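J.: Dumping the structure here so I can ask a few things about it.
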Amino acid sequence: MCILCDNDPKSHSFFKMGKQKGANLFYTCPGDAINHETEGVLNHYREVLETNNGEKWIFIFDAKGFTLYHSTRIASARGLLTIFNEYGDDLEELRIVNANHFVKSLFMTIKPFAPTKIFNKIVWK
């Protein structure tokens, strides 16, 4: 899997954490990750989602510790939208927990670029 995470498990934050109602739960907390380089983050997400094997899934985005720095990572956000569009047919829900104004601003910024099928699955918790 991700070579950076093999060396330091705190490099990225995206992993499968279980199942709920027949869907795989995938969790991320960008505030916990220590590596934010776009290409590495996107590769990590792709590698993890490839393990889903076309099953239904739920994405949990935990905004704990999400800062102005994270909200300016527009290239990463747009890249993740591309990845989610690729795997979006099986995406049941995109849950956003612990949202703050940085997260809300980022989502309003990327909304015009987001595939409708993805953005309509957002549930703010």
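If you're wondering about the labels, chains in the structure tokens are A, B, ... by order shown, residues count from 1 in each chain, ligands from 1 in order shown.
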Taking 3 positions as the minimum chain separation for residues in the same chain, which residues sit within 9 Å of Val48 of chain A when counting only C-alpha atoms? Answer as a list in words.
T.: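 Close residues of Val48 of chain A: Met1, Cys2, Phe14, Phe15, Lys16, Phe26, Asn43, His44, Tyr45, Thr51 and Asn52 of chain A.
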J.: Show which residues sit within 12 Å of segment 99-112 of chain A, as a PyMOL selection string. Count only C-alpha atoms, and ignore same-chain residues fewer than 2 positions away.
T.: chain A and resi 29-31+60-82+95-97+114-120+122-125
J.: So which bits of chain A end up strand (DSSP E or B) when you DSSP the backbone, as a list in words?
T.: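 Here are the strand (DSSP E or B) residues of chain A: Phe15, Lys16, Met17, Gly18, Lys19, Gln20, Ala23, Asn24, Leu25, Phe26, Tyr27, Thr28, Trp57, Ile58, Phe59, Ile60, Phe61, Asp62, Leu91, Glu92, Glu93, Leu94, Arg95, Ile96, Val97, Ile122, Val123 and Trp124 of chain A.
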J.: Can you pull out the residues contacting Tyr87 of chain A? Cut-off 9 Å, using only C-alpha atoms, and skip same-chain residues under 3 positions away; I want them as a list in words.
T.: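 Counting only the stated atoms, we get Leu49, Glu50, Gly54, Thr82, Ile83, Phe84, Asp90 and Leu91 of chain A.
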J.: Residues of chain A classed as alpha helix (DSSP H) by DSSP on the backbone are to be reported as a VMD selection string.
T.: chain A and resid 3 to 7 38 to 50 68 to 71 74 to 87 101 to 110 116 to 119
J.: One number please: atom CA of Cys5 of chain A to atom CA of Gly18 of chain A, in Å, one decimal.
T.: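 Value for the atom CA of Cys5 of chain A-atom CA of Gly18 of chain A distance: 19.5 Å.
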